[in-house]
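Q: Take a look at this one; I'll ask things after.
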Amino acid sequence: MSESDRSPGVVADVIDGALKDRELDYTRRGENQFVVELPGEHKLATTALLTVGNHGVRVEAFVCRKPDENFEGVYKYLLRRNRRLYGVHYTLDKIGDVYLTGRIPSHAVTGEELDRVLGQVLEASDGDFNVLLELGFASSIKREWEWRVSRGESLANLQPFKHLVEENDLVEENDSVEENGADGPDKVSEGS
């Protein structure tokens with residue numbers, strides 16, 4: 001049997017063996033689906049779904065929900081990023097949530113190729129996560145920061161976005177200076 005004639009069962013066995021060899025955390029759903037947990041730094045984990053079909057393997061991974069704002073900036077970033085990705089690309093679902101998707105032909109499914117593609121999924125999802133949050137959720141991040149400060153809650157997982165709050169404070173300070181003059185409010189004495 002040539003590699004181009006590999007059945008879905010054979011391809012699924014190759015995937016199962018490759019995931020075990022790499023000691024990745026995964027579960028098998030039925031004969032032809034694998035749910036793989038990829039640990040990250042910025043995004044705590046990325047869940048990748050590998051689905052074996054008659055002619056290849058579909059790779060899917062949720063990255064983030066539909067942006068709240070700055071759609072053009074987010075989509076521009078994703079399209080530019082697609083140019084540099086291997087084996088997967090950014091796409092949107094029907095409601096606008098962001099995913100990485102790709103396909104591997106049956107004959108190309110090897111442990112090394114799975115390693116490359118899953119590595120790209122993790123690098124893109126984890127590496128782009130904070131940028132996507134900044135571009136598409138800046139207002140929500142600022143509101144969350146203010147809410148946590150007002151209640152004395154931890155800001156630990158918001159620290160990567162501290163500059164968004166600091167930029168906002170600087171803008172407010174500059175607006176105040178412009179309104180009141182560089183030396184503060186104009187004071188007109190009655191004797192002048």
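In the structure tokens, chains take the letters A, B, ... in the order shown, each chain's residues start at 1, and ligands count up from 1 in the order shown.
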Looking only at the backbone, which of the residues in chain A does DSSP tag as helix (DSSP H, G or I), as an mmCIF file with N, CA and C atoms, in the first residue's frame?

A:
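Below is the file part-v5.cif, written as the result:
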data_model
loop_
_atom_site.group_PDB
_atom_site.id
_atom_site.type_symbol
_atom_site.label_atom_id
_atom_site.label_comp_id
_atom_site.auth_asym_id
_atom_site.auth_seq_id
_atom_site.Cartn_x
_atom_site.Cartn_y
_atom_site.Cartn_z
ATOM 1 N N GLU A 3 1.738 5.329 0.388
ATOM 2 C CA GLU A 3 1.306 6.329 1.369
ATOM 3 C C GLU A 3 0.092 7.101 0.882
ATOM 4 N N SER A 4 -0.053 7.262 -0.446
ATOM 5 C CA SER A 4 -1.197 8.016 -0.965
ATOM 6 C C SER A 4 -2.491 7.229 -0.827
ATOM 7 N N ASP A 5 -2.395 5.911 -0.560
ATOM 8 C CA ASP A 5 -3.583 5.072 -0.409
ATOM 9 C C ASP A 5 -3.930 4.800 1.051
ATOM 10 N N PRO A 8 -8.285 6.139 6.402
ATOM 11 C CA PRO A 8 -8.434 6.979 7.597
ATOM 12 C C PRO A 8 -7.984 6.267 8.874
ATOM 13 N N GLY A 9 -8.204 4.964 8.962
ATOM 14 C CA GLY A 9 -7.778 4.216 10.148
ATOM 15 C C GLY A 9 -6.271 4.199 10.315
ATOM 16 N N VAL A 10 -5.560 4.036 9.211
ATOM 17 C CA VAL A 10 -4.095 4.037 9.253
ATOM 18 C C VAL A 10 -3.591 5.424 9.636
ATOM 19 N N VAL A 11 -4.175 6.466 9.052
ATOM 20 C CA VAL A 11 -3.780 7.844 9.367
ATOM 21 C C VAL A 11 -4.048 8.140 10.842
ATOM 22 N N ALA A 12 -5.201 7.688 11.346
ATOM 23 C CA ALA A 12 -5.530 7.902 12.761
ATOM 24 C C ALA A 12 -4.513 7.210 13.665
ATOM 25 N N ASP A 13 -4.060 6.024 13.273
ATOM 26 C CA ASP A 13 -3.047 5.318 14.062
ATOM 27 C C ASP A 13 -1.718 6.072 14.060
ATOM 28 N N VAL A 14 -1.359 6.666 12.923
ATOM 29 C CA VAL A 14 -0.135 7.470 12.848
ATOM 30 C C VAL A 14 -0.245 8.659 13.803
ATOM 31 N N ILE A 15 -1.398 9.319 13.798
ATOM 32 C CA ILE A 15 -1.613 10.473 14.686
ATOM 33 C C ILE A 15 -1.532 10.035 16.142
ATOM 34 N N ASP A 16 -2.226 8.958 16.478
ATOM 35 C CA ASP A 16 -2.230 8.459 17.850
ATOM 36 C C ASP A 16 -0.806 8.170 18.325
ATOM 37 N N GLY A 17 -0.033 7.503 17.492
ATOM 38 C CA GLY A 17 1.352 7.193 17.851
ATOM 39 C C GLY A 17 2.211 8.439 18.004
ATOM 40 N N ALA A 18 2.026 9.390 17.093
ATOM 41 C CA ALA A 18 2.822 10.625 17.146
ATOM 42 C C ALA A 18 2.507 11.434 18.400
ATOM 43 N N LEU A 19 1.239 11.514 18.764
ATOM 44 C CA LEU A 19 0.853 12.270 19.958
ATOM 45 C C LEU A 19 1.390 11.594 21.223
ATOM 46 N N LYS A 20 1.347 10.264 21.250
ATOM 47 C CA LYS A 20 1.906 9.524 22.394
ATOM 48 C C LYS A 20 3.412 9.728 22.485
ATOM 49 N N ASP A 21 4.100 9.598 21.333
ATOM 50 C CA ASP A 21 5.562 9.755 21.311
ATOM 51 C C ASP A 21 5.987 11.125 21.827
ATOM 52 N N PHE A 71 -12.507 46.056 14.412
ATOM 53 C CA PHE A 71 -12.549 44.884 13.540
ATOM 54 C C PHE A 71 -11.522 44.990 12.416
ATOM 55 N N GLU A 72 -11.448 46.154 11.798
ATOM 56 C CA GLU A 72 -10.524 46.332 10.678
ATOM 57 C C GLU A 72 -9.080 46.074 11.110
ATOM 58 N N GLY A 73 -8.697 46.591 12.268
ATOM 59 C CA GLY A 73 -7.337 46.385 12.760
ATOM 60 C C GLY A 73 -7.046 44.922 13.045
ATOM 61 N N VAL A 74 -8.012 44.233 13.641
ATOM 62 C CA VAL A 74 -7.837 42.811 13.952
ATOM 63 C C VAL A 74 -7.718 42.006 12.661
ATOM 64 N N TYR A 75 -8.641 42.232 11.730
ATOM 65 C CA TYR A 75 -8.643 41.439 10.499
ATOM 66 C C TYR A 75 -7.424 41.734 9.639
ATOM 67 N N LYS A 76 -6.983 42.970 9.639
ATOM 68 C CA LYS A 76 -5.771 43.337 8.905
ATOM 69 C C LYS A 76 -4.568 42.580 9.486
ATOM 70 N N TYR A 77 -4.489 42.546 10.805
ATOM 71 C CA TYR A 77 -3.404 41.817 11.470
ATOM 72 C C TYR A 77 -3.447 40.335 11.090
ATOM 73 N N LEU A 78 -4.642 39.734 11.148
ATOM 74 C CA LEU A 78 -4.774 38.309 10.849
ATOM 75 C C LEU A 78 -4.386 37.995 9.409
ATOM 76 N N LEU A 79 -4.829 38.836 8.475
ATOM 77 C CA LEU A 79 -4.497 38.594 7.070
ATOM 78 C C LEU A 79 -3.001 38.716 6.817
ATOM 79 N N ARG A 80 -2.382 39.699 7.426
ATOM 80 C CA ARG A 80 -0.928 39.836 7.274
ATOM 81 C C ARG A 80 -0.201 38.656 7.911
ATOM 82 N N ARG A 81 -0.702 38.223 9.030
ATOM 83 C CA ARG A 81 -0.078 37.102 9.742
ATOM 84 C C ARG A 81 -0.197 35.812 8.930
ATOM 85 N N ASN A 82 -1.310 35.644 8.202
ATOM 86 C CA ASN A 82 -1.500 34.445 7.385
ATOM 87 C C ASN A 82 -0.354 34.217 6.406
ATOM 88 N N SER A 106 -3.517 13.032 3.507
ATOM 89 C CA SER A 106 -3.244 11.742 4.161
ATOM 90 C C SER A 106 -1.815 11.281 3.960
ATOM 91 N N HIS A 107 -1.292 11.407 2.745
ATOM 92 C CA HIS A 107 0.058 10.911 2.466
ATOM 93 C C HIS A 107 1.138 11.706 3.202
ATOM 94 N N ALA A 108 0.805 12.914 3.665
ATOM 95 C CA ALA A 108 1.800 13.766 4.332
ATOM 96 C C ALA A 108 1.758 13.663 5.854
ATOM 97 N N GLY A 111 4.713 11.937 12.007
ATOM 98 C CA GLY A 111 4.970 12.545 13.308
ATOM 99 C C GLY A 111 5.624 13.902 13.170
ATOM 100 N N GLU A 112 6.579 14.004 12.248
ATOM 101 C CA GLU A 112 7.300 15.268 12.048
ATOM 102 C C GLU A 112 6.372 16.360 11.520
ATOM 103 N N GLU A 113 5.503 15.995 10.573
ATOM 104 C CA GLU A 113 4.590 16.998 10.014
ATOM 105 C C GLU A 113 3.570 17.445 11.060
ATOM 106 N N LEU A 114 3.048 16.520 11.844
ATOM 107 C CA LEU A 114 2.134 16.895 12.928
ATOM 108 C C LEU A 114 2.833 17.816 13.920
ATOM 109 N N ASP A 115 4.077 17.513 14.221
ATOM 110 C CA ASP A 115 4.857 18.350 15.131
ATOM 111 C C ASP A 115 4.980 19.772 14.579
ATOM 112 N N ARG A 116 5.285 19.897 13.294
ATOM 113 C CA ARG A 116 5.409 21.225 12.669
ATOM 114 C C ARG A 116 4.085 21.983 12.700
ATOM 115 N N VAL A 117 3.005 21.303 12.315
ATOM 116 C CA VAL A 117 1.708 21.982 12.231
ATOM 117 C C VAL A 117 1.189 22.340 13.623
ATOM 118 N N LEU A 118 1.256 21.415 14.568
ATOM 119 C CA LEU A 118 0.802 21.731 15.928
ATOM 120 C C LEU A 118 1.700 22.784 16.570
ATOM 121 N N GLY A 119 2.985 22.743 16.254
ATOM 122 C CA GLY A 119 3.890 23.797 16.734
ATOM 123 C C GLY A 119 3.493 25.156 16.189
ATOM 124 N N GLN A 120 3.088 25.198 14.922
ATOM 125 C CA GLN A 120 2.642 26.458 14.330
ATOM 126 C C GLN A 120 1.338 26.925 14.963
ATOM 127 N N VAL A 121 0.428 25.992 15.226
ATOM 128 C CA VAL A 121 -0.829 26.346 15.902
ATOM 129 C C VAL A 121 -0.520 26.989 17.249
ATOM 130 N N LEU A 122 0.348 26.364 18.020
ATOM 131 C CA LEU A 122 0.685 26.899 19.342
ATOM 132 C C LEU A 122 1.398 28.238 19.235
ATOM 133 N N GLU A 123 2.380 28.335 18.352
ATOM 134 C CA GLU A 123 3.134 29.583 18.207
ATOM 135 C C GLU A 123 2.210 30.729 17.813
ATOM 136 N N ALA A 124 1.316 30.490 16.867
ATOM 137 C CA ALA A 124 0.423 31.555 16.410
ATOM 138 C C ALA A 124 -0.614 31.900 17.474
ATOM 139 N N SER A 125 -1.296 30.907 17.992
ATOM 140 C CA SER A 125 -2.353 31.157 18.971
ATOM 141 C C SER A 125 -1.813 31.816 20.230
ATOM 142 N N ASP A 126 -0.731 31.286 20.750
ATOM 143 C CA ASP A 126 -0.146 31.822 21.978
ATOM 144 C C ASP A 126 0.589 33.134 21.715
ATOM 145 N N GLY A 127 1.340 33.183 20.637
ATOM 146 C CA GLY A 127 2.137 34.369 20.336
ATOM 147 C C GLY A 127 1.321 35.576 19.915
ATOM 148 N N ASP A 128 0.203 35.347 19.236
ATOM 149 C CA ASP A 128 -0.636 36.447 18.757
ATOM 150 C C ASP A 128 -1.751 36.820 19.736
ATOM 151 N N PHE A 129 -1.936 36.032 20.771
ATOM 152 C CA PHE A 129 -3.088 36.196 21.663
ATOM 153 C C PHE A 129 -3.172 37.591 22.277
ATOM 154 N N ASN A 130 -2.093 38.056 22.892
ATOM 155 C CA ASN A 130 -2.142 39.374 23.535
ATOM 156 C C ASN A 130 -2.345 40.491 22.524
ATOM 157 N N VAL A 131 -1.735 40.366 21.345
ATOM 158 C CA VAL A 131 -1.923 41.380 20.298
ATOM 159 C C VAL A 131 -3.389 41.437 19.889
ATOM 160 N N LEU A 132 -4.009 40.279 19.708
ATOM 161 C CA LEU A 132 -5.422 40.243 19.327
ATOM 162 C C LEU A 132 -6.307 40.840 20.419
ATOM 163 N N LEU A 133 -5.982 40.563 21.675
ATOM 164 C CA LEU A 133 -6.756 41.152 22.773
ATOM 165 C C LEU A 133 -6.598 42.669 22.796
ATOM 166 N N GLU A 134 -5.377 43.152 22.612
ATOM 167 C CA GLU A 134 -5.146 44.604 22.591
ATOM 168 C C GLU A 134 -5.907 45.268 21.453
ATOM 169 N N LEU A 135 -5.859 44.661 20.284
ATOM 170 C CA LEU A 135 -6.514 45.253 19.119
ATOM 171 C C LEU A 135 -8.034 45.197 19.216
ATOM 172 N N GLY A 136 -8.565 44.079 19.665
ATOM 173 C CA GLY A 136 -10.008 43.874 19.610
ATOM 174 C C GLY A 136 -10.773 44.027 20.902
ATOM 175 N N PHE A 137 -10.062 44.207 22.027
ATOM 176 C CA PHE A 137 -10.746 44.242 23.324
ATOM 177 C C PHE A 137 -10.162 45.283 24.272
ATOM 178 N N ALA A 138 -9.520 46.312 23.750
ATOM 179 C CA ALA A 138 -8.842 47.304 24.600
ATOM 180 C C ALA A 138 -9.795 47.943 25.605
ATOM 181 N N SER A 139 -10.976 48.325 25.178
ATOM 182 C CA SER A 139 -11.932 48.969 26.095
ATOM 183 C C SER A 139 -12.349 48.018 27.214
ATOM 184 N N SER A 140 -12.576 46.771 26.876
ATOM 185 C CA SER A 140 -12.951 45.774 27.891
ATOM 186 C C SER A 140 -11.819 45.548 28.883
ATOM 187 N N ILE A 141 -10.596 45.528 28.385
ATOM 188 C CA ILE A 141 -9.435 45.346 29.265
ATOM 189 C C ILE A 141 -9.334 46.517 30.236
ATOM 190 N N LYS A 142 -9.519 47.726 29.737
ATOM 191 C CA LYS A 142 -9.451 48.915 30.602
ATOM 192 C C LYS A 142 -10.553 48.885 31.659
ATOM 193 N N ARG A 143 -11.761 48.514 31.242
ATOM 194 C CA ARG A 143 -12.871 48.424 32.211
ATOM 195 C C ARG A 143 -12.584 47.364 33.265
ATOM 196 N N GLU A 144 -12.071 46.214 32.845
ATOM 197 C CA GLU A 144 -11.748 45.136 33.779
ATOM 198 C C GLU A 144 -10.673 45.589 34.761
ATOM 199 N N TRP A 145 -9.672 46.300 34.262
ATOM 200 C CA TRP A 145 -8.597 46.824 35.113
ATOM 201 C C TRP A 145 -9.193 47.733 36.184
ATOM 202 N N GLU A 146 -10.005 48.683 35.755
ATOM 203 C CA GLU A 146 -10.617 49.632 36.698
ATOM 204 C C GLU A 146 -11.486 48.906 37.722
ATOM 205 N N TRP A 147 -12.257 47.921 37.288
ATOM 206 C CA TRP A 147 -13.129 47.169 38.181
ATOM 207 C C TRP A 147 -12.293 46.441 39.231
ATOM 208 N N ARG A 148 -11.215 45.795 38.798
ATOM 209 C CA ARG A 148 -10.373 45.057 39.745
ATOM 210 C C ARG A 148 -9.688 46.000 40.731
ATOM 211 N N VAL A 149 -9.198 47.140 40.257
ATOM 212 C CA VAL A 149 -8.557 48.116 41.142
ATOM 213 C C VAL A 149 -9.563 48.598 42.179
ATOM 214 N N SER A 150 -10.783 48.900 41.752
ATOM 215 C CA SER A 150 -11.796 49.431 42.672
ATOM 216 C C SER A 150 -12.185 48.423 43.749
ATOM 217 N N ARG A 151 -11.974 47.140 43.508
ATOM 218 C CA ARG A 151 -12.338 46.108 44.472
ATOM 219 C C ARG A 151 -11.129 45.436 45.114
ATOM 220 N N ALA A 156 -2.813 40.371 38.266
ATOM 221 C CA ALA A 156 -1.712 39.543 37.759
ATOM 222 C C ALA A 156 -1.868 39.186 36.284
ATOM 223 N N ASN A 157 -3.034 38.672 35.891
ATOM 224 C CA ASN A 157 -3.157 38.244 34.496
ATOM 225 C C ASN A 157 -3.451 39.398 33.541
ATOM 226 N N LEU A 158 -3.583 40.607 34.060
ATOM 227 C CA LEU A 158 -3.763 41.786 33.202
ATOM 228 C C LEU A 158 -2.464 42.568 33.016
ATOM 229 N N GLN A 159 -1.397 42.162 33.681
ATOM 230 C CA GLN A 159 -0.133 42.903 33.602
ATOM 231 C C GLN A 159 0.381 43.113 32.177
ATOM 232 N N PRO A 160 0.208 42.154 31.266
ATOM 233 C CA PRO A 160 0.677 42.412 29.900
ATOM 234 C C PRO A 160 -0.024 43.600 29.230
ATOM 235 N N PHE A 161 -1.136 44.046 29.804
ATOM 236 C CA PHE A 161 -1.910 45.133 29.209
ATOM 237 C C PHE A 161 -1.822 46.424 30.015
ATOM 238 N N LYS A 162 -0.898 46.466 30.956
ATOM 239 C CA LYS A 162 -0.748 47.634 31.823
ATOM 240 C C LYS A 162 -0.540 48.910 31.012
ATOM 241 N N HIS A 163 0.198 48.803 29.916
ATOM 242 C CA HIS A 163 0.470 49.985 29.094
ATOM 243 C C HIS A 163 -0.809 50.596 28.523
ATOM 244 N N LEU A 164 -1.852 49.790 28.325
ATOM 245 C CA LEU A 164 -3.121 50.338 27.832
ATOM 246 C C LEU A 164 -3.735 51.284 28.857
ATOM 247 N N VAL A 165 -3.636 50.915 30.118
ATOM 248 C CA VAL A 165 -4.179 51.742 31.195
ATOM 249 C C VAL A 165 -3.290 52.958 31.407
ATOM 250 N N GLU A 166 -1.970 52.747 31.368
ATOM 251 C CA GLU A 166 -1.038 53.867 31.540
ATOM 252 C C GLU A 166 -1.175 54.874 30.411
ATOM 253 N N GLU A 167 -1.350 54.397 29.166
ATOM 254 C CA GLU A 167 -1.559 55.304 28.032
ATOM 255 C C GLU A 167 -2.814 56.132 28.260
ATOM 256 N N ASN A 168 -3.860 55.484 28.757
ATOM 257 C CA ASN A 168 -5.121 56.172 29.023
ATOM 258 C C ASN A 168 -4.926 57.243 30.091
ATOM 259 N N ASP A 169 -4.166 56.925 31.156
ATOM 260 C CA ASP A 169 -3.895 57.900 32.213
ATOM 261 C C ASP A 169 -3.106 59.077 31.669
ATOM 262 N N LEU A 170 -2.128 58.807 30.791
ATOM 263 C CA LEU A 170 -1.333 59.883 30.199
ATOM 264 C C LEU A 170 -2.198 60.789 29.335
ATOM 265 N N VAL A 171 -3.113 60.201 28.578
ATOM 266 C CA VAL A 171 -4.009 61.003 27.741
ATOM 267 C C VAL A 171 -4.875 61.891 28.620
ATOM 268 N N GLU A 172 -5.412 61.330 29.713
ATOM 269 C CA GLU A 172 -6.242 62.123 30.617
ATOM 270 C C GLU A 172 -5.435 63.246 31.252
ATOM 271 N N GLU A 173 -4.181 62.962 31.639
ATOM 272 C CA GLU A 173 -3.334 64.007 32.222
ATOM 273 C C GLU A 173 -3.060 65.102 31.202
ATOM 274 N N ASN A 174 -2.770 64.721 29.962
ATOM 275 C CA ASN A 174 -2.509 65.708 28.915
ATOM 276 C C ASN A 174 -3.741 66.553 28.630
ATOM 277 N N ASP A 175 -4.916 65.935 28.619
ATOM 278 C CA ASP A 175 -6.153 66.687 28.401
ATOM 279 C C ASP A 175 -6.354 67.705 29.510
ATOM 280 N N SER A 176 -6.049 67.296 30.737
ATOM 281 C CA SER A 176 -6.206 68.193 31.874
ATOM 282 C C SER A 176 -5.251 69.376 31.763
ATOM 283 N N VAL A 177 -4.012 69.127 31.349
ATOM 284 C CA VAL A 177 -3.026 70.199 31.195
ATOM 285 C C VAL A 177 -3.465 71.158 30.099
ATOM 286 N N GLU A 178 -3.974 70.607 28.978
ATOM 287 C CA GLU A 178 -4.406 71.462 27.876
ATOM 288 C C GLU A 178 -5.594 72.328 28.284
ATOM 289 N N GLU A 179 -6.516 71.763 29.061
ATOM 290 C CA GLU A 179 -7.688 72.525 29.488
ATOM 291 C C GLU A 179 -7.323 73.615 30.489
ATOM 292 N N ASN A 180 -6.384 73.331 31.372
ATOM 293 C CA ASN A 180 -6.073 74.245 32.464
ATOM 294 C C ASN A 180 -4.787 75.037 32.253
#

Q: Using only C-alpha atoms, pick whichever of A:Leu50, A:Ile104, A:Ala61, A:Val35 has the shortest atom-to-atom distance to A:Leu92.

A: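 Looking only at the distances to A:Leu92, the closest residue turns out to be A:Ala61.
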
Q: Expressed in Å to a single decimal, how great is the separation between atom CA of A:Asn70 and atom CA of A:Gly96?

A: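 A separation of 12.9 Å between them.
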
Q: Atom CA of A:Val52 and atom CA of A:Tyr90 are how many Å apart?

A: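 Computing it gives 20.1 Å between the two atoms.
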
Q: Taking the backbone alone, and naming residues the way the document does, which bits of chain A are strand (DSSP E or B) by DSSP, as a ChimeraX atom specification?

A: /A:25-29,33-39,45-52,56-64,89-92,98-105

Q: Selection from above, N, CA and C atoms, as a compact mmCIF listing (two decimals), in the first residue's frame, can you write it?

A:
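part-v7.txt, written as the output of this step:
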# COMPACT_ATOMS: atom_id res chain seq x y z
N ASP A 25 -0.89 15.97 25.72
CA ASP A 25 -2.15 15.70 26.41
C ASP A 25 -3.26 15.70 25.37
N TYR A 26 -3.91 14.55 25.17
CA TYR A 26 -4.97 14.47 24.16
C TYR A 26 -5.99 13.43 24.55
N THR A 27 -7.15 13.56 23.96
CA THR A 27 -8.19 12.54 24.08
C THR A 27 -8.64 12.18 22.67
N ARG A 28 -9.06 10.96 22.54
CA ARG A 28 -9.53 10.48 21.24
C ARG A 28 -11.05 10.39 21.31
N ARG A 29 -11.69 11.04 20.35
CA ARG A 29 -13.15 10.99 20.23
C ARG A 29 -13.48 10.08 19.06
N GLN A 33 -11.12 11.29 15.53
CA GLN A 33 -10.98 12.65 16.06
C GLN A 33 -10.09 12.66 17.29
N PHE A 34 -9.23 13.68 17.33
CA PHE A 34 -8.30 13.85 18.44
C PHE A 34 -8.41 15.28 18.95
N VAL A 35 -8.55 15.43 20.26
CA VAL A 35 -8.57 16.75 20.89
C VAL A 35 -7.25 16.88 21.64
N VAL A 36 -6.41 17.82 21.19
CA VAL A 36 -5.06 17.97 21.73
C VAL A 36 -4.97 19.28 22.50
N GLU A 37 -4.48 19.21 23.75
CA GLU A 37 -4.27 20.40 24.57
C GLU A 37 -2.82 20.84 24.46
N LEU A 38 -2.62 22.06 23.97
CA LEU A 38 -1.27 22.61 23.81
C LEU A 38 -1.07 23.70 24.85
N PRO A 39 -0.17 23.50 25.82
CA PRO A 39 0.03 24.50 26.87
C PRO A 39 0.74 25.74 26.33
N ALA A 45 -3.89 27.76 27.39
CA ALA A 45 -3.88 26.52 26.60
C ALA A 45 -4.61 26.77 25.30
N THR A 46 -4.19 26.06 24.28
CA THR A 46 -4.87 26.07 23.00
C THR A 46 -5.34 24.65 22.73
N THR A 47 -6.61 24.49 22.45
CA THR A 47 -7.16 23.18 22.14
C THR A 47 -7.22 23.03 20.62
N ALA A 48 -6.54 22.02 20.12
CA ALA A 48 -6.55 21.74 18.69
C ALA A 48 -7.37 20.48 18.44
N LEU A 49 -8.18 20.52 17.41
CA LEU A 49 -8.99 19.38 17.01
C LEU A 49 -8.43 18.84 15.70
N LEU A 50 -8.07 17.57 15.70
CA LEU A 50 -7.60 16.90 14.49
C LEU A 50 -8.68 15.92 14.06
N THR A 51 -9.20 16.09 12.86
CA THR A 51 -10.25 15.23 12.35
C THR A 51 -9.77 14.53 11.09
N VAL A 52 -9.72 13.21 11.14
CA VAL A 52 -9.26 12.43 10.00
C VAL A 52 -10.43 12.19 9.06
N GLY A 56 -7.50 13.29 4.13
CA GLY A 56 -6.55 14.04 4.92
C GLY A 56 -7.05 14.34 6.31
N VAL A 57 -6.34 15.22 6.98
CA VAL A 57 -6.65 15.60 8.36
C VAL A 57 -6.96 17.08 8.40
N ARG A 58 -8.08 17.41 9.00
CA ARG A 58 -8.44 18.81 9.21
C ARG A 58 -7.93 19.21 10.59
N VAL A 59 -7.30 20.38 10.66
CA VAL A 59 -6.75 20.91 11.90
C VAL A 59 -7.54 22.17 12.23
N GLU A 60 -8.07 22.26 13.45
CA GLU A 60 -8.82 23.44 13.88
C GLU A 60 -8.44 23.79 15.31
N ALA A 61 -8.33 25.09 15.57
CA ALA A 61 -8.05 25.54 16.94
C ALA A 61 -8.71 26.89 17.17
N PHE A 62 -9.49 26.99 18.22
CA PHE A 62 -10.10 28.26 18.61
C PHE A 62 -9.01 29.18 19.15
N VAL A 63 -9.01 30.45 18.71
CA VAL A 63 -8.02 31.41 19.18
C VAL A 63 -8.66 32.43 20.12
N CYS A 64 -9.69 33.13 19.67
CA CYS A 64 -10.40 34.08 20.53
C CYS A 64 -11.78 34.37 19.96
N HIS A 89 -4.04 28.62 8.77
CA HIS A 89 -4.30 30.03 8.51
C HIS A 89 -5.43 30.49 9.42
N TYR A 90 -5.47 31.79 9.65
CA TYR A 90 -6.55 32.36 10.45
C TYR A 90 -7.82 32.42 9.62
N THR A 91 -8.93 32.17 10.29
CA THR A 91 -10.24 32.26 9.65
C THR A 91 -11.27 32.63 10.72
N LEU A 92 -12.47 32.95 10.27
CA LEU A 92 -13.56 33.31 11.18
C LEU A 92 -14.69 32.32 11.02
N VAL A 98 -12.45 33.81 16.07
CA VAL A 98 -11.21 33.61 15.32
C VAL A 98 -10.67 32.19 15.57
N TYR A 99 -10.35 31.51 14.48
CA TYR A 99 -9.80 30.15 14.53
C TYR A 99 -8.55 30.06 13.66
N LEU A 100 -7.74 29.06 13.95
CA LEU A 100 -6.69 28.61 13.04
C LEU A 100 -7.18 27.31 12.42
N THR A 101 -7.10 27.18 11.11
CA THR A 101 -7.52 25.96 10.44
C THR A 101 -6.51 25.58 9.37
N GLY A 102 -6.49 24.30 9.05
CA GLY A 102 -5.62 23.82 7.99
C GLY A 102 -5.96 22.39 7.64
N ARG A 103 -5.30 21.88 6.62
CA ARG A 103 -5.48 20.50 6.18
C ARG A 103 -4.12 19.89 5.88
N ILE A 104 -4.01 18.63 6.24
CA ILE A 104 -2.81 17.86 5.91
C ILE A 104 -3.28 16.68 5.06
N PRO A 105 -2.77 16.53 3.83
CA PRO A 105 -3.16 15.38 3.02
C PRO A 105 -2.75 14.07 3.71

Q: Could you state the separation of atom CA of A:Tyr86 and atom CA of A:Glu69 in Å, given to one decimal place?

A: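 Separation of atom CA of A:Tyr86 and atom CA of A:Glu69: 27.9 Å.
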